[in-house]
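Trainee: What follows is final23.cif; its format and atoms are mmCIF, C-alpha atoms.
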data_coords
#
loop_
_atom_site.label_atom_id
_atom_site.label_comp_id
_atom_site.auth_asym_id
_atom_site.auth_seq_id
_atom_site.Cartn_x
_atom_site.Cartn_y
_atom_site.Cartn_z
CA MET C 1 66.54 -29.26 -8.93
CA LYS C 2 68.73 -26.17 -8.57
CA ASP C 3 67.16 -22.80 -7.92
CA PRO C 4 69.76 -20.21 -9.02
CA GLY C 5 67.79 -17.37 -7.45
CA ARG C 6 68.21 -18.80 -3.98
CA THR C 7 71.49 -18.47 -2.13
CA ALA C 8 71.93 -19.87 1.34
CA ALA C 9 73.54 -17.58 3.87
CA CYS C 10 77.05 -18.28 5.06
CA VAL C 11 78.04 -18.85 8.63
CA ALA C 12 81.26 -16.86 8.87
CA PRO C 13 83.52 -17.28 11.89
CA VAL C 14 85.92 -14.34 12.20
CA VAL C 15 89.12 -16.34 11.81
CA LEU C 16 91.43 -17.30 8.98
CA VAL C 17 89.63 -20.50 8.07
CA LEU C 18 86.84 -21.60 5.88
CA THR C 19 83.29 -20.44 5.94
CA GLY C 20 80.58 -22.89 4.99
CA CYS C 21 78.46 -21.76 2.07
CA VAL C 22 75.98 -23.57 -0.09
CA PHE C 23 74.96 -21.91 -3.32
CA GLY C 24 71.81 -22.80 -5.20
CA ALA C 25 70.78 -25.55 -2.81
CA GLY C 26 67.18 -26.08 -1.87
CA THR C 27 65.64 -26.38 1.55
CA GLU C 28 65.59 -29.74 3.30
CA ALA C 29 62.21 -29.92 5.02
CA ASN C 30 62.78 -32.88 7.35
CA MET C 31 66.28 -32.45 8.77
CA THR C 32 67.08 -31.66 12.40
CA GLU C 33 70.11 -29.71 13.60
CA ASP C 34 71.64 -32.94 14.92
CA GLN C 35 71.09 -34.68 11.57
CA ALA C 36 72.68 -31.75 9.72
CA VAL C 37 75.77 -31.85 11.95
CA GLU C 38 75.97 -35.64 11.62
CA ARG C 39 75.85 -35.38 7.82
CA ILE C 40 78.47 -32.60 7.86
CA ASP C 41 80.80 -34.84 9.86
CA GLU C 42 80.17 -37.75 7.45
CA HIS C 43 81.16 -35.58 4.48
CA ILE C 44 84.30 -34.40 6.28
CA ASN C 45 85.37 -37.85 7.54
CA ASP C 46 84.80 -39.50 4.16
CA ALA C 47 86.85 -36.85 2.36
CA VAL C 48 89.70 -36.67 4.87
CA ALA C 49 90.10 -40.46 4.77
CA VAL C 50 91.86 -40.09 1.37
CA ILE C 51 94.71 -38.05 2.84
CA PRO C 52 97.76 -40.28 3.37
CA GLY C 53 98.99 -40.77 6.91
CA ASP C 54 97.34 -40.19 10.24
CA VAL C 55 95.22 -37.05 10.13
CA ARG C 56 93.73 -35.76 13.35
CA LEU C 57 90.60 -33.61 13.10
CA GLU C 58 90.54 -30.78 15.63
CA PRO C 59 87.18 -28.95 15.75
CA LEU C 60 87.34 -25.21 15.46
CA GLY C 61 84.63 -24.49 17.98
CA GLU C 62 81.14 -25.88 17.94
CA PRO C 63 78.91 -26.27 14.86
CA ASN C 64 77.37 -22.97 13.76
CA PHE C 65 73.80 -22.30 12.67
CA GLY C 66 72.77 -19.26 10.65
CA GLY C 67 69.61 -17.98 9.05
CA CYS C 68 68.99 -18.50 5.35
CA ASP C 69 66.17 -16.02 4.76
CA GLY C 70 66.63 -13.30 7.35
CA GLY C 71 67.04 -15.55 10.39
CA GLY C 72 63.55 -15.29 11.88
CA ARG C 73 62.40 -17.77 14.52
CA ASN C 74 60.62 -20.12 12.09
CA GLU C 75 62.91 -19.46 9.13
CA PRO C 76 65.20 -22.12 7.64
CA VAL C 77 68.82 -22.28 8.77
CA THR C 78 72.08 -23.69 7.53
CA ALA C 79 74.63 -25.55 9.67
CA SER C 80 78.41 -25.51 9.31
CA HIS C 81 81.39 -26.95 11.11
CA ILE C 82 85.12 -26.47 10.59
CA TYR C 83 88.07 -28.64 11.56
CA TRP C 84 91.81 -28.12 11.54
CA LEU C 85 93.68 -31.00 9.88
CA ARG C 86 96.43 -31.77 12.39
CA ASP C 87 99.54 -33.93 12.25
CA LEU C 88 100.22 -33.15 8.58
CA ASP C 89 103.42 -31.71 7.12
CA SER C 90 102.78 -28.34 5.49
CA GLU C 91 105.06 -29.27 2.60
CA ASP C 92 102.42 -31.89 1.67
CA ASN C 93 99.57 -29.33 1.51
CA GLU C 94 99.40 -29.25 -2.30
CA ALA C 95 99.44 -33.05 -2.57
CA ASN C 96 96.77 -33.33 0.14
CA ALA C 97 94.65 -30.70 -1.61
CA GLU C 98 94.97 -32.59 -4.87
CA ALA C 99 93.94 -35.86 -3.16
CA LEU C 100 90.81 -34.14 -1.80
CA HIS C 101 90.09 -32.53 -5.18
CA GLN C 102 90.30 -35.93 -6.86
CA TYR C 103 88.07 -37.53 -4.22
CA TRP C 104 85.46 -34.80 -4.56
CA SER C 105 85.54 -34.97 -8.37
CA GLU C 106 84.98 -38.74 -8.29
CA HIS C 107 82.25 -38.76 -5.60
CA GLY C 108 79.48 -36.49 -6.83
CA TYR C 109 80.82 -33.08 -5.85
CA GLU C 110 80.86 -30.09 -8.17
CA VAL C 111 83.88 -27.82 -7.80
CA THR C 112 82.50 -24.31 -7.26
CA SER C 113 85.87 -22.62 -6.67
CA ASP C 114 89.48 -23.68 -7.04
CA ARG C 115 91.89 -20.82 -6.44
CA ARG C 116 95.05 -22.86 -6.82
CA PRO C 117 97.87 -22.18 -7.54
CA GLU C 118 97.58 -18.57 -6.31
CA LYS C 119 95.91 -19.62 -3.06
CA LEU C 120 95.23 -23.04 -1.60
CA SER C 121 91.44 -22.89 -1.45
CA ILE C 122 88.92 -25.32 -2.95
CA SER C 123 85.14 -25.24 -2.51
CA VAL C 124 82.75 -27.95 -3.66
CA ARG C 125 79.05 -28.79 -3.43
CA HIS C 126 77.60 -32.28 -3.44
CA SER C 127 75.25 -32.65 -6.38
CA GLU C 128 72.76 -34.91 -4.58
CA ASP C 129 72.34 -33.50 -1.08
CA GLY C 130 73.57 -29.90 -1.52
CA PHE C 131 76.14 -30.02 1.27
CA GLY C 132 79.17 -27.86 0.59
CA MET C 133 82.79 -28.29 1.62
CA THR C 134 85.83 -26.04 1.59
CA LEU C 135 89.52 -26.70 2.06
CA ARG C 136 91.78 -23.78 2.99
CA VAL C 137 95.23 -23.13 4.36
CA SER C 138 96.02 -20.67 7.17
CA ASP C 139 98.85 -18.15 7.02
CA GLU C 140 100.81 -20.58 9.18
CA GLY C 141 100.37 -23.40 6.64
CA THR C 142 97.74 -25.43 8.51
CA LEU C 143 94.93 -26.92 6.46
CA SER C 144 91.31 -26.63 7.52
CA VAL C 145 88.28 -28.33 6.09
CA GLY C 146 84.68 -27.62 6.79
CA ALA C 147 81.25 -28.38 5.51
CA SER C 148 77.89 -26.68 5.45
CA SER C 149 74.37 -27.93 4.99
CA PRO C 150 71.75 -26.69 2.60
CA CYS C 151 68.96 -24.68 4.22
CA PHE C 152 66.58 -26.69 6.37
CA HIS C 153 63.75 -26.13 8.81
CA PRO C 154 65.19 -27.13 12.20
CA GLU C 155 62.57 -29.40 13.71
CA ASP C 156 64.42 -29.68 17.03
CA ARG C 157 64.96 -25.95 17.57
CA SER C 158 63.27 -24.34 20.56
#
Could you take the file, read its structure, and then write that structure out as structure tokens?
Mentor:
Amino acid sequence: MKDPGRTAACVAPVVLVLTGCVFGAGTEANMTEDQAVERIDEHINDAVAVIPGDVRLEPLGEPNFGGCDGGGRNEPVTASHIYWLRDLDSEDNEANAEALHQYWSEHGYEVTSDRRPEKLSISVRHSEDGFGMTLRVSDEGTLSVGASSPCFHPEDRS
């Protein structure tokens, strides 16, 4: 059940790519950091599989973890990870964005933001597990896609 008063914090890398945000998602009590990253990668790989041609995922750094409720030691966190979509022609960006939009719409994601046609940027949230995804384009025309988890208590954190 959604809790509109609860907004998960965003992990925001200082680059021109997506930030992973989950809005209104609850806290997953039994997820580890590794499980969150694994689920993020599943969401990304499943979505990117609909893009025609050979797409190469290039990670933009390591997965990020940020606090949801102030970031204290025993507080819940959210995980996010971003990938560049390589080996795609920039002239196909709109068609690739539409393919992802269609996939998300047909596979249990709610579109939370679609800024097309002014800007190629789409954000979605999965209605069952609360994971969010965002597709964006850089100033150079390169697409990036990322995902973020709902808040969880990291069992494997030291």
Trainee: On this file, the PyMOL selection byres ((chain C and resi 44-47) around 9) gives some set of residues; write that set as a PDB file with C-alpha atoms, in the frame of the given file.
Mentor:
ATOM      1  CA  ARG C  39      75.850 -35.380   7.820  1.00  0.00           C
ATOM      2  CA  ILE C  40      78.470 -32.600   7.860  1.00  0.00           C
ATOM      3  CA  ASP C  41      80.800 -34.840   9.860  1.00  0.00           C
ATOM      4  CA  GLU C  42      80.170 -37.750   7.450  1.00  0.00           C
ATOM      5  CA  HIS C  43      81.160 -35.580   4.480  1.00  0.00           C
ATOM      6  CA  VAL C  48      89.700 -36.670   4.870  1.00  0.00           C
ATOM      7  CA  ALA C  49      90.100 -40.460   4.770  1.00  0.00           C
ATOM      8  CA  VAL C  50      91.860 -40.090   1.370  1.00  0.00           C
ATOM      9  CA  ILE C  51      94.710 -38.050   2.840  1.00  0.00           C
ATOM     10  CA  LEU C  57      90.600 -33.610  13.100  1.00  0.00           C
ATOM     11  CA  TYR C  83      88.070 -28.640  11.560  1.00  0.00           C
ATOM     12  CA  LEU C 100      90.810 -34.140  -1.800  1.00  0.00           C
ATOM     13  CA  TYR C 103      88.070 -37.530  -4.220  1.00  0.00           C
ATOM     14  CA  TRP C 104      85.460 -34.800  -4.560  1.00  0.00           C
ATOM     15  CA  MET C 133      82.790 -28.290   1.620  1.00  0.00           C
ATOM     16  CA  VAL C 145      88.280 -28.330   6.090  1.00  0.00           C
ATOM     17  CA  GLY C 146      84.680 -27.620   6.790  1.00  0.00           C
ATOM     18  CA  ALA C 147      81.250 -28.380   5.510  1.00  0.00           C
TER      19      ALA C 147
END
Trainee: For Pro63 (chain C), which residue out of C:Glu75, C:Asp34, C:Glu110, C:Pro150 is the nearest one, using all atoms listed in the file?
Mentor: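 Nearest candidate to Pro63 (chain C) out of C:Glu75, C:Asp34, C:Glu110, C:Pro150: C:Asp34.
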Trainee: Enumerate, as a list in words, the residues matched when the PyMOL selection byres ((chain C and resi 120) around 9) is run on the file above.
Mentor: Asn93, Glu94, Ala97, Asp114, Arg115, Arg116, Pro117, Glu118, Lys119, Ser121, Ile122, Leu135, Arg136, Val137 and Leu143 of chain C
Trainee: Between CA of Glu58 (chain C) and CA of Glu38 (chain C), what is the distance, to one decimal in Å?
Mentor: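 Between CA of Glu58 (chain C) and CA of Glu38 (chain C) the gap is 15.9 Å.
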Trainee: Counting all atoms listed in the file, which of C:Ser144, C:Asp139, C:Arg86, C:Gly108 gets nearest to Ser127 (chain C)?
Mentor: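 Under the stated criterion, the closest residue is C:Gly108.
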Trainee: Find the distance between CA of Asp129 (chain C) and CA of Tyr109 (chain C) and write it in Å to one decimal.
Mentor: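 Between CA of Asp129 (chain C) and CA of Tyr109 (chain C) the gap works out to 9.7 Å.
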Trainee: Expand the PyMOL selection byres ((chain C and resi 130) around 7) into the individual residues it matches in the shown file, reporting them as a PyMOL selection string.
Mentor: chain C and resi 22+25+125-129+131-132+149-150
Trainee: Neighbours of region 87-90 of chain C within 10 Å (only C-alpha atoms; same-chain residues fewer than 5 positions away dropped), as a PDB file with C-alpha atoms, keeping the file's coordinate frame?
Mentor:
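So the final result, stored in part14.pdb, reads:
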ATOM      1  CA  ILE C  51      94.710 -38.050   2.840  1.00  0.00           C
ATOM      2  CA  PRO C  52      97.760 -40.280   3.370  1.00  0.00           C
ATOM      3  CA  GLY C  53      98.990 -40.770   6.910  1.00  0.00           C
ATOM      4  CA  ASP C  54      97.340 -40.190  10.240  1.00  0.00           C
ATOM      5  CA  VAL C  55      95.220 -37.050  10.130  1.00  0.00           C
ATOM      6  CA  ARG C  56      93.730 -35.760  13.350  1.00  0.00           C
ATOM      7  CA  LEU C  57      90.600 -33.610  13.100  1.00  0.00           C
ATOM      8  CA  ALA C  95      99.440 -33.050  -2.570  1.00  0.00           C
ATOM      9  CA  ASN C  96      96.770 -33.330   0.140  1.00  0.00           C
ATOM     10  CA  VAL C 137      95.230 -23.130   4.360  1.00  0.00           C
ATOM     11  CA  GLU C 140     100.810 -20.580   9.180  1.00  0.00           C
ATOM     12  CA  GLY C 141     100.370 -23.400   6.640  1.00  0.00           C
ATOM     13  CA  THR C 142      97.740 -25.430   8.510  1.00  0.00           C
ATOM     14  CA  LEU C 143      94.930 -26.920   6.460  1.00  0.00           C
TER      15      LEU C 143
END
Trainee: Quick one, how far is CA of His107 (chain C) from CA of Pro59 (chain C)?
Mentor: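 It comes out at 24.0 Å.
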Trainee: List every protein, DNA or RNA residue with an atom no more than 8 Å from (65.0, -32.7, 13.1) in the file's coordinates, counting all atoms listed in the file, and format the result as a list in words.
Mentor: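 Within 8 Å of (65.0, -32.7, 13.1), the protein and nucleic acid residues are Asn30, Met31, Thr32, Glu33, Asp34, Gln35, His153, Pro154, Glu155 and Asp156 of chain C.
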Trainee: Show me, as lines of an AutoDock Vina configuration file, the centre and edge lengths in Å to one decimal of the axis-aligned box that covers every listed atom of region 48-53 of chain C with 5 Å on each side.
Mentor:
center_x = 94.3
center_y = -38.7
center_z = 4.1
size_x = 19.3
size_y = 14.1
size_z = 15.5
Trainee: Looking at all atoms listed in the file, which of C:Phe65, C:Val111, C:Leu60, C:Glu91 is the one that sits closest to Ser148 (chain C)?
Mentor: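 Using all atoms listed in the file, Ser148 (chain C) sits closest to C:Phe65.
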Trainee: Between C:Cys151, C:Ile82, C:Ala99, C:Val124, which one has atoms that come closest to Gly61 (chain C), using all atoms listed in the file?
Mentor: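 Once distances to Gly61 (chain C) are computed over all atoms listed in the file, the minimum belongs to C:Ile82.
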